[in-house]
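Take a look at the structure below.
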Amino acid sequence: MRYWNLSIVWVLALLLFTSCTPTNQNSSNTNNTGTSSPNLEPVGEKREPASAADNTPDPTAEQPTSPASSTADVLSVSVSGNSGAYQFAVEVSSPDQGCEQYADWWEVLDENGSLLYRRVLLHSHTNEQPFMRSGGPVPVTDDQVVIIRAHFHPDGYGGVALKGSVHQGFQPVELARGFAVELEEEQPLPESCAF
């Protein structure tokens, strides 16, 4: 009976430990359609189970880490209007913390990295995540392939981007590191941040 009581204590301790472990706040659990998807562990970060022999939690398992930089992810895009002058509604998720750290714009690029349209964001969205903002007119045709990405102040580009066309829809794309990074200096740029 004594061993049974100790086993219950270890199970309760393990449950308490795992329920108190912080989760990664920078991961996005929303798919391209804007619906929630199950919480998935990032590739390459597998949690090893606690040792069955001693029933103690593994202190090295899935410890939260602070990313070297923060990014803004584009989660979805909806389009309305007419060819050559579309309105884009872009859903963005970002770890905003006020004007010192926030998603400061989203933009539409052609496949070569030329800026077609930029929607400057005038304030942080600390209490509104994810958020959606519309902009336009975006000068693209219904079959023109474009890239939609967001910029995060002060760390820059690097989050999830979407690629596609109005006609075919948009899917996540992995952009090459440094892709069209020179656009950080191109107007329009934020003049200030309200909050």
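Residues in the structure tokens are numbered from 1 in each chain, the chains being A, B, ... in the order shown, and ligands are numbered from 1 in the order shown.
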All residues 8 Å or closer to range 129-145 of chain A, only C-alpha atoms, same chain fewer than 2 positions away omitted, as a PDB file with C-alpha atoms, in the first residue's frame:
ATOM      1  CA  SER A  83      -8.690  42.794 -61.304  1.00  0.00           C
ATOM      2  CA  GLY A  84      -6.044  45.499 -61.174  1.00  0.00           C
ATOM      3  CA  ALA A  85      -7.519  47.100 -58.043  1.00  0.00           C
ATOM      4  CA  TYR A  86      -8.186  44.368 -55.474  1.00  0.00           C
ATOM      5  CA  GLN A  87      -8.677  44.899 -51.743  1.00  0.00           C
ATOM      6  CA  PHE A  88      -6.650  42.443 -49.640  1.00  0.00           C
ATOM      7  CA  ALA A  89      -7.674  41.580 -46.073  1.00  0.00           C
ATOM      8  CA  VAL A  90      -4.604  40.072 -44.394  1.00  0.00           C
ATOM      9  CA  GLU A  91      -4.647  38.224 -41.068  1.00  0.00           C
ATOM     10  CA  VAL A  92      -1.409  38.607 -39.093  1.00  0.00           C
ATOM     11  CA  SER A  93      -0.184  36.999 -35.879  1.00  0.00           C
ATOM     12  CA  SER A  94       2.700  38.664 -34.034  1.00  0.00           C
ATOM     13  CA  VAL A 108       2.362  42.339 -51.475  1.00  0.00           C
ATOM     14  CA  ASP A 110       5.703  40.003 -57.131  1.00  0.00           C
ATOM     15  CA  GLU A 111       7.678  36.750 -57.446  1.00  0.00           C
ATOM     16  CA  LEU A 116       3.447  46.088 -55.353  1.00  0.00           C
ATOM     17  CA  TYR A 117       1.607  47.331 -52.253  1.00  0.00           C
ATOM     18  CA  ARG A 119      -0.223  48.449 -45.763  1.00  0.00           C
ATOM     19  CA  HIS A 125      -1.957  44.896 -31.517  1.00  0.00           C
ATOM     20  CA  THR A 126      -1.018  43.579 -28.081  1.00  0.00           C
ATOM     21  CA  ASN A 127      -4.591  42.698 -27.107  1.00  0.00           C
ATOM     22  CA  ILE A 147       3.764  36.930 -52.115  1.00  0.00           C
ATOM     23  CA  LYS A 163       2.182  32.801 -52.060  1.00  0.00           C
ATOM     24  CA  GLY A 164      -0.438  32.385 -54.747  1.00  0.00           C
ATOM     25  CA  SER A 165      -2.965  34.222 -56.874  1.00  0.00           C
ATOM     26  CA  VAL A 166      -6.453  35.595 -56.472  1.00  0.00           C
ATOM     27  CA  HIS A 167      -7.723  32.851 -58.797  1.00  0.00           C
ATOM     28  CA  GLN A 168      -5.827  29.881 -57.252  1.00  0.00           C
TER      29      GLN A 168
END
Practice task
Just the residues within 8 Å of Pro154 in chain A, please, counting only C-alpha atoms, with nothing from its chain fewer than 6 positions along; format it as a ChimeraX atom specification.
Solution key: /A:100-102
Quick one: write out the picked residues with N, CA and C atoms as a compact mmCIF listing (two decimals), in the first residue's frame?
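Ended up saving to part.txt:
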# COMPACT_ATOMS: atom_id res chain seq x y z
N GLU A 100 7.61 49.25 -29.07
CA GLU A 100 8.99 48.76 -29.11
C GLU A 100 9.10 47.45 -29.89
N GLN A 101 7.97 46.71 -30.02
CA GLN A 101 7.99 45.41 -30.68
C GLN A 101 6.60 45.14 -31.23
N TYR A 102 6.43 45.31 -32.55
CA TYR A 102 5.11 45.09 -33.15
C TYR A 102 5.20 44.88 -34.65
Handout entry: Atom pair CA of Pro172 in chain A / CA of Gly98 in chain A: separation (Å)
Key =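 Computed distance, CA of Pro172 in chain A to CA of Gly98 in chain A, equals 27.0 Å.
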